[in-house]
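Source file model_6.tsv; content: TSV, C-alpha atoms.
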```tsv
chain	number	residue	atom	x	y	z
A	1	MET	CA	205.30	-3.22	207.67
A	2	HIS	CA	207.99	-0.88	206.39
A	3	LYS	CA	208.37	0.98	209.66
A	4	PHE	CA	209.25	-2.25	211.51
A	5	ALA	CA	212.18	-2.72	209.12
A	6	ASN	CA	214.00	-0.22	211.32
A	7	PRO	CA	216.15	-2.30	213.72
A	8	THR	CA	215.60	0.00	216.73
A	9	ARG	CA	211.84	-0.02	216.26
A	10	PHE	CA	211.88	-3.76	215.70
A	11	LEU	CA	213.83	-4.38	218.93
A	12	LYS	CA	211.26	-2.31	220.85
A	13	LEU	CA	208.40	-4.35	219.39
A	14	ALA	CA	210.31	-7.60	219.97
A	15	ALA	CA	210.82	-6.72	223.64
A	16	ALA	CA	207.04	-6.34	224.03
A	17	VAL	CA	206.21	-9.55	222.13
A	18	PHE	CA	208.94	-11.73	223.63
A	19	PRO	CA	207.43	-12.53	227.09
A	20	TRP	CA	204.12	-13.55	225.45
A	21	ALA	CA	205.84	-15.72	222.85
A	22	ALA	CA	208.06	-17.41	225.45
A	23	GLY	CA	205.14	-17.94	227.85
A	24	LEU	CA	202.94	-19.33	225.09
A	25	THR	CA	205.74	-21.67	223.95
A	26	ILE	CA	205.97	-23.24	227.40
A	27	ALA	CA	202.19	-23.36	228.03
A	28	LEU	CA	201.27	-24.72	224.60
A	29	PHE	CA	204.05	-27.33	224.59
A	30	ALA	CA	203.00	-28.48	228.08
A	31	ALA	CA	199.32	-28.77	227.10
A	32	GLY	CA	200.08	-30.18	223.65
A	33	LEU	CA	202.47	-32.87	224.93
A	34	VAL	CA	200.03	-34.01	227.64
A	35	MET	CA	197.22	-34.20	225.06
A	36	ALA	CA	199.45	-35.92	222.50
A	37	LEU	CA	201.01	-38.49	224.83
A	38	VAL	CA	198.24	-39.10	227.38
A	39	PHE	CA	194.74	-38.07	226.34
A	40	SER	CA	194.68	-38.62	222.58
A	41	PRO	CA	193.61	-42.11	221.48
A	42	ASP	CA	195.68	-44.66	219.59
A	43	ASP	CA	194.71	-45.03	215.95
A	44	TYR	CA	192.73	-48.15	215.09
A	45	GLN	CA	195.17	-48.98	212.28
A	46	GLN	CA	198.41	-47.25	213.26
A	47	GLY	CA	198.31	-47.89	217.00
A	48	SER	CA	200.50	-45.59	219.10
A	49	THR	CA	202.62	-44.47	216.12
A	50	VAL	CA	199.89	-41.93	215.32
A	51	ARG	CA	201.35	-39.88	218.20
A	52	ILE	CA	204.40	-39.19	216.01
A	53	MET	CA	202.00	-37.07	213.91
A	54	TYR	CA	201.82	-34.40	216.65
A	55	LEU	CA	205.51	-33.67	216.10
A	56	HIS	CA	205.90	-34.62	212.46
A	57	VAL	CA	203.05	-32.55	210.98
A	58	PRO	CA	203.71	-29.25	212.86
A	59	ALA	CA	207.44	-29.61	212.11
A	60	ALA	CA	206.69	-30.06	208.40
A	61	TRP	CA	204.24	-27.12	208.35
A	62	MET	CA	206.78	-24.91	210.09
A	63	ALA	CA	209.53	-26.02	207.71
A	64	LEU	CA	207.43	-24.66	204.84
A	65	PHE	CA	206.30	-21.56	206.76
A	66	THR	CA	209.89	-20.69	207.74
A	67	TYR	CA	211.03	-21.05	204.14
A	68	THR	CA	208.23	-18.66	203.13
A	69	VAL	CA	209.58	-16.19	205.71
A	70	LEU	CA	213.07	-16.73	204.26
A	71	ALA	CA	211.90	-16.08	200.69
A	72	ALA	CA	209.87	-13.01	201.77
A	73	SER	CA	212.86	-11.55	203.61
A	74	GLY	CA	215.02	-12.34	200.57
A	75	ALA	CA	212.58	-10.47	198.33
A	76	ALA	CA	212.40	-7.53	200.77
A	77	SER	CA	216.19	-7.43	200.87
A	78	LEU	CA	216.53	-7.43	197.07
A	79	ILE	CA	213.67	-5.02	196.32
A	80	TRP	CA	213.68	-2.53	199.19
A	81	LYS	CA	217.12	-3.20	200.70
A	82	HIS	CA	215.55	-3.26	204.17
A	83	PRO	CA	218.34	-3.40	206.74
A	84	LEU	CA	216.40	-5.93	208.80
A	85	ALA	CA	215.46	-8.25	205.93
A	86	ASP	CA	218.91	-9.87	205.66
A	87	VAL	CA	219.10	-10.19	209.44
A	88	ALA	CA	215.65	-11.84	209.63
A	89	GLY	CA	216.51	-14.32	206.88
A	90	LYS	CA	219.86	-15.23	208.40
A	91	ALA	CA	218.19	-15.68	211.80
A	92	ALA	CA	215.30	-17.79	210.47
A	93	ALA	CA	217.32	-20.24	208.35
A	94	PRO	CA	218.73	-22.47	211.15
A	95	ILE	CA	215.27	-22.68	212.73
A	96	GLY	CA	213.78	-23.79	209.41
A	97	ALA	CA	216.60	-26.30	208.87
A	98	MET	CA	215.92	-27.75	212.33
A	99	PHE	CA	212.15	-28.03	211.63
A	100	THR	CA	212.91	-29.77	208.31
A	101	ALA	CA	215.36	-32.19	209.96
A	102	LEU	CA	212.75	-32.96	212.63
A	103	ALA	CA	210.06	-33.58	209.99
A	104	LEU	CA	212.42	-35.89	208.08
A	105	VAL	CA	213.59	-37.88	211.12
A	106	THR	CA	210.12	-38.28	212.66
A	107	GLY	CA	208.82	-39.21	209.21
A	108	MET	CA	211.41	-41.98	208.98
A	109	LEU	CA	210.54	-43.21	212.47
A	110	TRP	CA	206.87	-43.26	211.45
A	111	GLY	CA	207.50	-44.77	208.03
A	112	GLU	CA	209.50	-47.76	209.20
A	113	PRO	CA	206.73	-49.39	211.30
A	114	MET	CA	203.83	-48.25	209.05
A	115	TRP	CA	205.23	-48.46	205.51
A	116	GLY	CA	207.92	-51.02	206.23
A	117	THR	CA	210.67	-48.66	205.08
A	118	TRP	CA	212.63	-45.74	206.50
A	119	TRP	CA	212.79	-43.93	203.19
A	120	VAL	CA	211.44	-43.94	199.64
A	121	TRP	CA	212.38	-41.55	196.86
A	122	ASP	CA	208.83	-40.39	196.31
A	123	ALA	CA	207.93	-36.82	195.38
A	124	ARG	CA	206.99	-35.64	198.91
A	125	LEU	CA	210.01	-37.07	200.73
A	126	THR	CA	212.47	-36.04	198.03
A	127	SER	CA	211.15	-32.47	197.78
A	128	VAL	CA	211.38	-32.06	201.58
A	129	LEU	CA	214.97	-33.34	201.47
A	130	VAL	CA	215.65	-30.70	198.78
A	131	LEU	CA	214.14	-28.10	201.16
A	132	PHE	CA	216.62	-29.20	203.84
A	133	PHE	CA	219.51	-28.75	201.39
A	134	LEU	CA	218.17	-25.31	200.38
A	135	TYR	CA	218.34	-24.25	204.04
A	136	LEU	CA	221.88	-25.63	204.34
A	137	GLY	CA	222.86	-23.90	201.10
A	138	TYR	CA	221.44	-20.59	202.31
A	139	MET	CA	223.43	-20.83	205.56
A	140	ALA	CA	226.57	-21.93	203.68
A	141	VAL	CA	226.37	-18.86	201.39
A	142	TRP	CA	226.37	-16.56	204.44
A	143	ASP	CA	229.38	-18.41	205.85
A	144	ALA	CA	231.34	-18.72	202.60
A	145	ILE	CA	231.31	-15.08	201.44
A	146	ASP	CA	233.24	-12.59	203.57
A	147	ASN	CA	231.68	-9.43	202.16
A	148	ARG	CA	228.36	-9.21	203.98
A	149	ALA	CA	226.57	-7.18	201.28
A	150	THR	CA	227.53	-9.75	198.61
A	151	ALA	CA	226.68	-12.67	200.91
A	152	GLY	CA	223.29	-11.13	201.71
A	153	LYS	CA	222.48	-10.63	198.03
A	154	ALA	CA	223.53	-14.17	197.03
A	155	ALA	CA	221.63	-15.70	199.95
A	156	ALA	CA	218.51	-13.62	199.15
A	157	ILE	CA	218.56	-14.75	195.50
A	158	LEU	CA	218.90	-18.40	196.59
A	159	ALA	CA	215.99	-17.99	199.05
A	160	VAL	CA	213.70	-16.43	196.42
A	161	VAL	CA	214.57	-18.93	193.66
A	162	GLY	CA	214.26	-21.86	196.07
A	163	PHE	CA	210.70	-20.82	196.93
A	164	ILE	CA	209.53	-22.74	193.85
A	165	ASN	CA	210.04	-25.86	196.00
A	166	VAL	CA	207.35	-24.82	198.53
A	167	PRO	CA	204.26	-25.33	196.30
A	168	ILE	CA	205.95	-28.44	194.87
A	169	ILE	CA	206.14	-29.91	198.39
A	170	LYS	CA	202.57	-28.87	199.24
A	171	PHE	CA	201.01	-30.34	196.08
A	172	SER	CA	203.45	-33.23	195.53
A	173	VAL	CA	200.96	-35.64	197.15
A	174	ASP	CA	198.26	-34.56	194.65
A	175	TRP	CA	200.38	-34.25	191.51
A	176	TRP	CA	202.23	-37.54	191.80
A	177	ASN	CA	201.56	-40.99	193.16
A	178	THR	CA	203.33	-40.91	196.48
A	179	LEU	CA	203.65	-43.34	199.33
A	180	HIS	CA	203.05	-40.32	201.55
A	181	GLN	CA	199.36	-39.68	202.23
A	182	PRO	CA	197.59	-36.53	200.94
A	183	ALA	CA	196.58	-33.62	203.19
A	184	SER	CA	194.04	-34.36	205.91
A	185	VAL	CA	193.84	-31.04	207.78
A	186	PHE	CA	194.18	-28.16	205.28
A	187	ARG	CA	191.67	-29.39	202.68
A	188	MET	CA	189.04	-27.59	200.67
A	189	ASP	CA	186.33	-29.80	202.26
A	190	GLY	CA	187.61	-29.39	205.84
A	191	PRO	CA	189.75	-31.63	208.05
A	192	THR	CA	189.18	-35.38	208.00
A	193	ILE	CA	190.79	-35.99	211.40
A	194	ASP	CA	188.71	-36.66	214.51
A	195	ALA	CA	188.53	-33.85	217.11
A	196	SER	CA	190.36	-36.03	219.69
A	197	MET	CA	193.41	-35.87	217.39
A	198	LEU	CA	192.81	-32.41	215.94
A	199	TRP	CA	193.08	-30.76	219.38
A	200	PRO	CA	196.57	-31.97	220.29
A	201	LEU	CA	197.66	-31.27	216.71
A	202	GLY	CA	196.35	-27.69	216.97
A	203	LEU	CA	198.03	-27.14	220.34
A	204	MET	CA	201.35	-28.45	219.05
A	205	PHE	CA	201.03	-26.28	215.94
A	206	GLY	CA	200.50	-23.25	218.21
A	207	ALA	CA	203.50	-24.31	220.33
A	208	PHE	CA	205.75	-24.61	217.25
A	209	ASN	CA	204.66	-21.14	216.07
A	210	ALA	CA	205.30	-19.55	219.47
A	211	TYR	CA	208.67	-21.36	219.62
A	212	PHE	CA	209.54	-19.96	216.19
A	213	VAL	CA	208.78	-16.38	217.30
A	214	THR	CA	210.73	-16.80	220.57
A	215	VAL	CA	213.85	-18.26	219.00
A	216	LEU	CA	213.68	-15.90	216.02
A	217	ILE	CA	213.73	-12.89	218.39
A	218	TRP	CA	216.79	-14.31	220.20
A	219	ARG	CA	218.58	-14.89	216.91
A	220	ILE	CA	217.71	-11.48	215.41
A	221	ARG	CA	218.89	-9.77	218.61
A	222	ALA	CA	222.15	-11.73	218.52
A	223	GLU	CA	222.70	-10.88	214.85
A	224	LEU	CA	222.03	-7.16	215.36
A	225	GLN	CA	224.36	-7.11	218.37
A	226	ALA	CA	227.03	-9.01	216.41
A	227	ARG	CA	226.81	-6.41	213.61
A	228	ARG	CA	227.28	-3.55	216.09
A	229	VAL	CA	230.19	-5.43	217.66
A	230	ARG	CA	231.89	-5.69	214.25
A	231	ALA	CA	231.27	-2.00	213.54
A	232	LEU	CA	232.69	-0.96	216.93
A	233	GLU	CA	235.70	-3.26	216.52
A	234	ASP	CA	236.44	-1.67	213.12
A	235	LEU	CA	236.12	1.77	214.68
A	236	LEU	CA	238.49	0.88	217.54
A	237	VAL	CA	241.06	-0.55	215.11
A	238	ARG	CA	240.92	2.62	212.99
A	239	GLN	CA	241.19	4.77	216.09
A	240	THR	CA	244.27	2.85	217.32
A	241	GLU	CA	245.87	3.14	213.87
A	242	ARG	CA	245.26	6.92	213.82
A	243	GLU	CA	246.72	7.34	217.30
A	244	SER	CA	249.85	5.31	216.49
A	245	ALA	CA	250.32	7.32	213.28
A	246	VAL	CA	250.35	10.65	215.18
B	1	MET	CA	198.13	-44.30	235.31
B	2	THR	CA	199.27	-47.76	234.22
B	3	GLY	CA	199.28	-47.95	230.48
B	4	VAL	CA	199.04	-44.20	229.91
B	5	PHE	CA	202.61	-44.02	228.60
B	6	ASP	CA	202.57	-47.55	227.27
B	7	MET	CA	203.25	-47.29	223.55
B	8	GLY	CA	203.28	-51.06	223.06
B	9	VAL	CA	205.48	-52.56	220.36
B	10	TYR	CA	205.95	-49.15	218.74
B	11	ALA	CA	207.50	-47.58	221.87
B	12	PRO	CA	211.02	-47.16	220.33
B	13	TYR	CA	209.59	-45.26	217.33
B	14	VAL	CA	207.28	-43.01	219.39
B	15	TRP	CA	209.78	-42.25	222.18
B	16	GLY	CA	212.60	-41.99	219.65
B	17	SER	CA	210.61	-39.29	217.80
B	18	TYR	CA	209.81	-37.34	220.96
B	19	GLY	CA	213.38	-37.71	222.26
B	20	ILE	CA	214.87	-36.33	219.05
B	21	GLY	CA	212.18	-33.62	219.01
B	22	VAL	CA	213.09	-32.42	222.51
B	23	LEU	CA	216.82	-32.54	221.70
B	24	LEU	CA	216.51	-30.51	218.50
B	25	LEU	CA	214.00	-27.95	219.81
B	26	ALA	CA	215.73	-27.43	223.16
B	27	GLY	CA	219.21	-27.55	221.61
B	28	LEU	CA	218.53	-24.78	219.08
B	29	ALA	CA	216.66	-22.67	221.67
B	30	TYR	CA	219.62	-22.96	224.09
B	31	GLN	CA	222.20	-22.15	221.40
B	32	SER	CA	220.19	-19.11	220.25
B	33	TRP	CA	219.69	-17.81	223.82
B	34	ARG	CA	223.39	-18.29	224.61
B	35	ARG	CA	224.52	-16.51	221.46
B	36	ALA	CA	222.26	-13.53	222.25
B	37	ARG	CA	223.76	-13.35	225.76
B	38	ILE	CA	227.36	-13.61	224.55
B	39	THR	CA	226.94	-10.93	221.87
B	40	ALA	CA	225.15	-8.63	224.37
B	41	ALA	CA	228.07	-8.95	226.81
B	42	ARG	CA	230.64	-8.36	224.04
B	43	LEU	CA	228.73	-5.29	222.84
B	44	ALA	CA	228.49	-3.86	226.36
B	45	ALA	CA	232.27	-4.30	226.84
B	46	LEU	CA	233.03	-2.60	223.52
B	47	GLU	CA	230.64	0.28	224.15
B	48	ALA	CA	232.38	0.90	227.45
B	49	LYS	CA	235.68	1.12	225.53
B	50	ALA	CA	234.29	3.49	222.89
B	51	PRO	CA	231.94	5.73	224.88
B	52	HIS	CA	232.15	8.62	222.40
B	53	ARG	CA	230.13	6.50	219.98
B	54	ARG	CA	227.09	6.58	222.26
B	55	ARG	CA	224.42	9.08	221.44
B	56	ARG	CA	223.56	10.29	224.92
B	57	ARG	CA	220.39	12.10	223.92
B	58	GLU	CA	218.89	8.85	222.62
B	59	THR	CA	219.83	6.63	225.52
B	60	GLY	CA	217.78	8.89	227.83
B	61	ASP	CA	219.21	7.78	231.16
B	62	GLY	CA	222.72	8.80	230.11
B	63	SER	CA	224.06	5.36	230.99
```
Would you kindly transcribe this structure into structure tokens?
Amino acid sequence: MHKFANPTRFLKLAAAVFPWAAGLTIALFAAGLVMALVFSPDDYQQGSTVRIMYLHVPAAWMALFTYTVLAASGAASLIWKHPLADVAGKAAAPIGAMFTALALVTGMLWGEPMWGTWWVWDARLTSVLVLFFLYLGYMAVWDAIDNRATAGKAAAILAVVGFINVPIIKFSVDWWNTLHQPASVFRMDGPTIDASMLWPLGLMFGAFNAYFVTVLIWRIRAELQARRVRALEDLLVRQTERESAV
Amino acid sequence: MTGVFDMGVYAPYVWGSYGIGVLLLAGLAYQSWRRARITAARLAALEAKAPHRRRRRETGDGS
């Protein structure tokens, strides 16, 4: 793992992975959407609203997964001071915030017809809203502090401390009485969803993962380039100052 | 094909979810792609201005 913390080596690896990730994103979304919207059956209780699950559940899983990436990069940044760790965290945060927003909005659109309400302050919904604010806070720290080393450290600490929310979200449906249903896919006794619904869900989950890798590579590239731009700009300014002083 | 995309009374909720999903996913992907392109162009312009910074041995083709 450590050797990929070198930006040059990472960019080489990313260039090899990128076409596969982008291709898989398109193929899996195409297959997943057709399965989700055309071939999967309506639920006998929930009717067509069950199709919201194929967006809502992968978005929620990815919101948690991305935060885990954020916390891991925060830890790597604080412990080993990997040059790429800060960059990876900064690049991942907006993707995670978007996944969380999507999970929240699709959840509201599912909740209104099925529960009769857009929102309740139960443990699952509230902890996911807190996750959204953690993402926003992480991004705000990067924006608010001019010194990049200080900003990176503060953001990394926030990411690591905020990780406590991830198991709380995962187990909130077991620890408290929530309006939100408990897990039906990742269970000790296996999934309780029929294969006709598990397939589109699996395809969409794969699509969301491939999307994450694709967009993360774009964002890491942009961040690394932006850092080199800043370094070169500083160099040019210093050079101009030296020349005018002579 | 009749009825395949018929979501019945729940159509606004289902299509609303997928509409927002496409907007958010495509929007962030586009913004990320565009930012990578803009920073690449800016970097190329700056490197042309400060050529002495390039390490020719490492670039291989000398470009």
All residues 12 Å or closer to A:Trp110, only C-alpha atoms, same chain fewer than 3 positions away omitted, as a PyMOL selection string: (chain A and resi 46-57+102-107+113-119+180) or (chain B and resi 10-18)
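Computed from the coordinates, the atom CA of A:Thr66 to atom CA of A:Ala156 distance equals 14.1 Å.
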Pick from B:Leu43, B:Val22, B:Val9, B:Ala48 nearest to chain A, counting all atoms listed in the file: B:Leu43
Proximal residues of chain B relative to chain A (all atoms listed in the file; 8 Å) as an NGL selection string: :B and (4-5 or 7-8 or 10-11 or 13-14 or 16-18 or 20-21 or 24-25 or 28-29 or 32-33 or 35-37 or 39-40 or 42-43 or 46-47 or 50)
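Here atom CA of A:Leu134 stands at a distance of 17.6 Å from atom CA of A:Trp121.
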Coordinates-based distance that separates atom CA of A:Ala210 from atom CA of A:Ile193 (Å, one decimal): 23.4 Å
For A:Lys81: contacts at 12 Å, only C-alpha atoms, fewer than 3 positions along chain excluded, given as a PyMOL selection string: chain A and resi 2+5-6+73-78+84-87+149+152-153+156
